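K.L.:
Sharing a structure here in structure tokens format.
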Amino acid sequence: MGLALVPNPFQPAEQAGDLARLRRFAPAFTATMRRIGRDQGAVVRIDSVRLAAAYLDWRSMLPMHPPHRAAGVLLQALLRNAPLKMVMPAETPEGSARFWPEGHACVTWCLDLRRMLSDGGGPGAAFLDLRTWWSFRENFAEDSAVAVPFLELFAGDEPDWDRAGDQSACGPPQLRVVASEFVPLPPDTNVVIFDLGALSNADDLSVQAQCALLAHYGAALPEAEVRRRFLHRPVGLAMTHVAERTGRICPSGYIADLRRSEAKLLAGGLILSDGAADIVAALSRRGVKVRIVARESALAATLAELRASFPTAEVVHGDIASGLDGLTDDICRTIAATTSPAVISAVIAAGGAALGVADRSDLRKELLAAGARQVLPVISNLTIAP
């Protein structure tokens, strides 16, 4: 992996300055990440400015940590400054490289650096456990210092959770139940309802439509802000934002414009999640009814495409209430898989149960707060318990 080119962080300062070290470090990191990308068929992008910032961040933090934690501190700096972007191919198998490509690549690099500097072992069993990766990503989003003990865990050592660096204490994280194995549904499950966001990129397209429309009305926001504030929430909130930003009442045509924009994006850019068709077919083979609730903005052509992709499922056009129609006798044996807290609340209020689907820690918390029995990063591992 070219780790011989990585400068020893404990080399005396008079022998090599930070600039000279960076000139050796950056090409080694870049070459290793590009090799990992080639091996996995991924598209790799590296921001040289962010990489320099990560290196200097690492060097500035080293004096506050014992030498054996140098590689963990580097992992913290790399993930915090995010110089690496990796886009994995659709056929990438389930696992940490697909769940968090950048995290997996940086952990792999730092484990090798750790072995080089301390003659340590690894990776340990935790490196292959997707539950641990889910916990790592979620905890890192709240406190970047946990990267240090997590690298120790990935190396097969006993991590020191009480000292996630010398600046904070975090305690052992709670591992999340995710898809390292199949997630069992109750054996008496009779109906599974998926909203379109759980099976596709429909939520991303909705955010794109909102962003474009807000910009059109002179009330633009960053995509992440639009996702946080307006996805899965009443359209009236976005209209209120437009009114507050522009100083005029939001046009009555806003909702119609949004539906048209969403419909256009759904018709031209809907992409099903990996394994979505397989899990729907598998549930149907077990005798479970499957309903897919498409968005109200979905056009007839989009519905036809969904029915062709999921021939064993019933595709319902509308909202979650449409998905629950006619299930009076079966509602207690209904499971909903959804990205929407409102959907979870509606299903629970009707007497069913719900699973959340989320790849962000903030959404995961919202789904759990709404009553989701569990939140998954993927839906492809659902199965009926024997």
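We name chains A, B, ... following the order of the structure tokens; residues begin at 1 in each chain, and ligands are numbered from 1 as shown.
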Excluding Leu62 of chain A and residues on its chain fewer than 6 positions from it, collect all residues at most 9 Å away from it, counting only C-alpha atoms, and give them as a list in words.

P.N.:
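These residues fall inside the cut-off: Pro9, Arg69, Ala70, Val73 and Leu74 of chain A.
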
K.L.:
Would you please give, as a ChimeraX atom specification, all residues of segment 35-216 of chain A that DSSP assigns to helix (DSSP H, G or I) based on the backbone?

P.N.:
/A:35-40,48-64,67-81,96-99,101-118,125-128,130-142,144-154,196-199,202-216

K.L.:
To one decimal place, how far is atom CA of Glu138 of chain A from atom CA of Val207 of chain A in Å?

P.N.:
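Interatomic distance here is 22.2 Å.
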
K.L.:
For Val43 of chain A, find every residue with an atom within 8 Å (counting only C-alpha atoms), except residues of its own chain fewer than 6 positions away, and show them as a list in words.

P.N.:
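Contacts, in chain order: Gly37, Met86, Val87 and Met88 of chain A.
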
K.L.:
Would you please work out which residue, of A:Ser144, A:Ser96, A:Cys110, A:Glu314, is nearest to Asn81 of chain A when using only C-alpha atoms?

P.N.:
A:Ser144

K.L.:
By how many Å are atom CA of Gly351 of chain A and atom CA of Thr334 of chain A apart?

P.N.:
8.4 Å

K.L.:
Name the closest residue to Ala353 of chain A among the candidates A:Gln374, A:Asn139, A:Asn201, A:Thr240; distances are taken between atoms, counting only C-alpha atoms.

P.N.:
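Of the candidates, the smallest distance to Ala353 of chain A is held by A:Gln374.
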
K.L.:
Rank A:Val44, A:Ala263, A:Val280, A:Ala54 by their smallest atom-to-atom distance to Ala198 of chain A, using only C-alpha atoms, and report the top residue only.

P.N.:
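The shortest atom-to-atom distance to Ala198 of chain A comes from A:Val280.
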
K.L.:
Can you list, as a list in words, all residues belonging to segment 94-274 of chain A that DSSP tags as strand (DSSP E or B)?

P.N.:
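Put together, the selection reads Val183, Pro184, Leu185, Val191, Val192, Ile193, Phe194, Asp195, Ser200 and Leu272 of chain A.
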
K.L.:
Would you kindly return, as a ChimeraX atom specification, each protein, DNA or RNA residue with an atom no farther than 12 Å from any atom of segment 366-369 of chain A, considering only C-alpha atoms and excluding same-chain residues fewer than 5 positions away?

P.N.:
/A:228,232,337-345,354-361,374-376

K.L.:
For atom CA of Phe194 of chain A and atom CA of Ile292 of chain A, determine how far apart the two atoms are, in Å to one decimal place.

P.N.:
4.8 Å

K.L.:
Find, counting only C-alpha atoms, the residue in A:Leu151, A:Ala256, A:Ala219, A:Ala26 that gets nearest to Ser297 of chain A.

P.N.:
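Going through A:Leu151, A:Ala256, A:Ala219, A:Ala26 one by one, the smallest distance to Ser297 of chain A is for A:Ala256.
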
K.L.:
Excluding Arg307 of chain A and its own-chain neighbours fewer than 4 positions away, which residues fall within 12 Å of it when counting only C-alpha atoms? Please give them as a list in words.

P.N.:
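The residues that qualify are Ala277, Val280, Val290, Arg291, Ile292, Val293, Ala294, Ala300, Ala301, Thr302, Leu303, Pro311, Thr312, Ala313, Glu314, Val315, Val316 and His317 of chain A.
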
K.L.:
Write out as a PDB file with all heavy atoms, in the first residue's frame each polymer residue whose atoms come within 9 Å of Ala276 of chain A, counting only C-alpha atoms; drop sequence neighbours fewer than 4 positions from it.

P.N.:
ATOM      1  N   ALA A 198     -37.943   4.031   0.719  1.00  0.00           N
ATOM      2  CA  ALA A 198     -37.215   2.895   1.278  1.00  0.00           C
ATOM      3  C   ALA A 198     -36.668   1.969   0.209  1.00  0.00           C
ATOM      4  O   ALA A 198     -35.810   1.134   0.496  1.00  0.00           O
ATOM      5  CB  ALA A 198     -38.125   2.104   2.216  1.00  0.00           C
ATOM      6  N   LEU A 199     -37.155   2.109  -1.016  1.00  0.00           N
ATOM      7  CA  LEU A 199     -36.761   1.208  -2.101  1.00  0.00           C
ATOM      8  C   LEU A 199     -35.982   1.890  -3.213  1.00  0.00           C
ATOM      9  O   LEU A 199     -35.557   1.227  -4.163  1.00  0.00           O
ATOM     10  CB  LEU A 199     -38.013   0.560  -2.720  1.00  0.00           C
ATOM     11  CG  LEU A 199     -38.844  -0.350  -1.821  1.00  0.00           C
ATOM     12  CD1 LEU A 199     -40.124  -0.758  -2.537  1.00  0.00           C
ATOM     13  CD2 LEU A 199     -38.044  -1.575  -1.403  1.00  0.00           C
ATOM     14  N   SER A 200     -35.794   3.197  -3.120  1.00  0.00           N
ATOM     15  CA  SER A 200     -35.216   3.922  -4.255  1.00  0.00           C
ATOM     16  C   SER A 200     -34.584   5.226  -3.791  1.00  0.00           C
ATOM     17  O   SER A 200     -34.506   5.510  -2.591  1.00  0.00           O
ATOM     18  CB  SER A 200     -36.315   4.220  -5.283  1.00  0.00           C
ATOM     19  OG  SER A 200     -37.192   5.223  -4.778  1.00  0.00           O
ATOM     20  N   LEU A 272     -33.766   2.243  -8.384  1.00  0.00           N
ATOM     21  CA  LEU A 272     -34.112   1.334  -7.286  1.00  0.00           C
ATOM     22  C   LEU A 272     -32.867   0.971  -6.490  1.00  0.00           C
ATOM     23  O   LEU A 272     -31.774   0.852  -7.037  1.00  0.00           O
ATOM     24  CB  LEU A 272     -34.774   0.079  -7.830  1.00  0.00           C
ATOM     25  CG  LEU A 272     -36.086   0.265  -8.590  1.00  0.00           C
ATOM     26  CD1 LEU A 272     -36.623  -1.075  -9.047  1.00  0.00           C
ATOM     27  CD2 LEU A 272     -37.118   0.986  -7.718  1.00  0.00           C
ATOM     28  N   VAL A 280     -38.504  -7.900  -2.276  1.00  0.00           N
ATOM     29  CA  VAL A 280     -39.953  -7.924  -2.509  1.00  0.00           C
ATOM     30  C   VAL A 280     -40.378  -9.290  -3.036  1.00  0.00           C
ATOM     31  O   VAL A 280     -41.383  -9.862  -2.589  1.00  0.00           O
ATOM     32  CB  VAL A 280     -40.356  -6.799  -3.482  1.00  0.00           C
ATOM     33  CG1 VAL A 280     -41.804  -6.971  -3.927  1.00  0.00           C
ATOM     34  CG2 VAL A 280     -40.170  -5.433  -2.816  1.00  0.00           C
ATOM     35  N   ALA A 281     -39.619  -9.840  -3.979  1.00  0.00           N
ATOM     36  CA  ALA A 281     -39.938 -11.159  -4.526  1.00  0.00           C
ATOM     37  C   ALA A 281     -39.840 -12.240  -3.456  1.00  0.00           C
ATOM     38  O   ALA A 281     -40.676 -13.150  -3.386  1.00  0.00           O
ATOM     39  CB  ALA A 281     -39.011 -11.479  -5.697  1.00  0.00           C
ATOM     40  N   PHE A 310     -41.572  -4.599  -9.875  1.00  0.00           N
ATOM     41  CA  PHE A 310     -42.055  -5.374  -8.732  1.00  0.00           C
ATOM     42  C   PHE A 310     -43.342  -6.094  -9.128  1.00  0.00           C
ATOM     43  O   PHE A 310     -44.437  -5.762  -8.640  1.00  0.00           O
ATOM     44  CB  PHE A 310     -42.316  -4.456  -7.539  1.00  0.00           C
ATOM     45  CG  PHE A 310     -41.125  -3.666  -7.086  1.00  0.00           C
ATOM     46  CD1 PHE A 310     -41.020  -2.312  -7.393  1.00  0.00           C
ATOM     47  CD2 PHE A 310     -40.104  -4.254  -6.365  1.00  0.00           C
ATOM     48  CE1 PHE A 310     -39.929  -1.563  -6.979  1.00  0.00           C
ATOM     49  CE2 PHE A 310     -39.010  -3.518  -5.939  1.00  0.00           C
ATOM     50  CZ  PHE A 310     -38.920  -2.169  -6.256  1.00  0.00           C
ATOM     51  N   ILE A 379     -32.503  -2.226   3.231  1.00  0.00           N
ATOM     52  CA  ILE A 379     -33.705  -3.048   3.375  1.00  0.00           C
ATOM     53  C   ILE A 379     -33.510  -4.439   2.767  1.00  0.00           C
ATOM     54  O   ILE A 379     -34.397  -5.273   2.839  1.00  0.00           O
ATOM     55  CB  ILE A 379     -34.924  -2.378   2.699  1.00  0.00           C
ATOM     56  CG1 ILE A 379     -34.637  -2.010   1.252  1.00  0.00           C
ATOM     57  CG2 ILE A 379     -35.344  -1.175   3.483  1.00  0.00           C
ATOM     58  CD1 ILE A 379     -34.930  -3.056   0.242  1.00  0.00           C
ATOM     59  N   SER A 380     -32.341  -4.693   2.174  1.00  0.00           N
ATOM     60  CA  SER A 380     -32.188  -5.903   1.373  1.00  0.00           C
ATOM     61  C   SER A 380     -32.047  -7.169   2.207  1.00  0.00           C
ATOM     62  O   SER A 380     -31.977  -8.265   1.655  1.00  0.00           O
ATOM     63  CB  SER A 380     -30.979  -5.776   0.439  1.00  0.00           C
ATOM     64  OG  SER A 380     -29.796  -5.554   1.170  1.00  0.00           O
TER      65      SER A 380
END

K.L.:
Find the residues around Met33 of chain A up to 10 Å (only C-alpha atoms counted), leave out those fewer than 6 positions away in its own chain, and share them as a list in words.

P.N.:
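Here the qualifying residues turn out to be Met1, Pro27, Asp39, Val44, Arg45, Ile46, Leu84, Lys85, Met86, Glu102, Ala105, Cys106, Thr108 and Trp109 of chain A.
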
K.L.:
Those residues with C-alpha atoms, as a PDB file, in the first residue's frame please?

P.N.:
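Resulting contents of out.pdb:
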ATOM      1  CA  MET A   1       0.000   0.000   0.000  1.00  0.00           C
ATOM      2  CA  PRO A  27       1.273  11.080  -2.693  1.00  0.00           C
ATOM      3  CA  ASP A  39      -9.556  -2.948  -6.810  1.00  0.00           C
ATOM      4  CA  VAL A  44     -12.107   8.046  -6.368  1.00  0.00           C
ATOM      5  CA  ARG A  45     -11.810  11.787  -5.864  1.00  0.00           C
ATOM      6  CA  ILE A  46      -9.240  13.390  -3.527  1.00  0.00           C
ATOM      7  CA  LEU A  84     -11.681  11.410   0.068  1.00  0.00           C
ATOM      8  CA  LYS A  85     -14.839  10.697  -1.922  1.00  0.00           C
ATOM      9  CA  MET A  86     -15.545   7.205  -3.274  1.00  0.00           C
ATOM     10  CA  GLU A 102     -14.555   6.481   2.607  1.00  0.00           C
ATOM     11  CA  ALA A 105     -10.768   2.893   2.947  1.00  0.00           C
ATOM     12  CA  CYS A 106      -9.379   5.220   5.637  1.00  0.00           C
ATOM     13  CA  THR A 108      -7.837   0.091   6.126  1.00  0.00           C
ATOM     14  CA  TRP A 109      -5.061   2.630   5.560  1.00  0.00           C
TER      15      TRP A 109
END

K.L.:
Between A:Pro186, A:Pro93, A:Gly275, A:Pro377, which is the closest to Cys332 of chain A once you count only C-alpha atoms?

P.N.:
A:Pro186

K.L.:
From the options A:Ala224, A:Leu214, A:Ala282, A:Leu113, which residue's atoms come nearest to Cys250 of chain A, counting only C-alpha atoms?

P.N.:
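Checking each of A:Ala224, A:Leu214, A:Ala282, A:Leu113 against Cys250 of chain A, counting only C-alpha atoms, the winner is A:Leu214.
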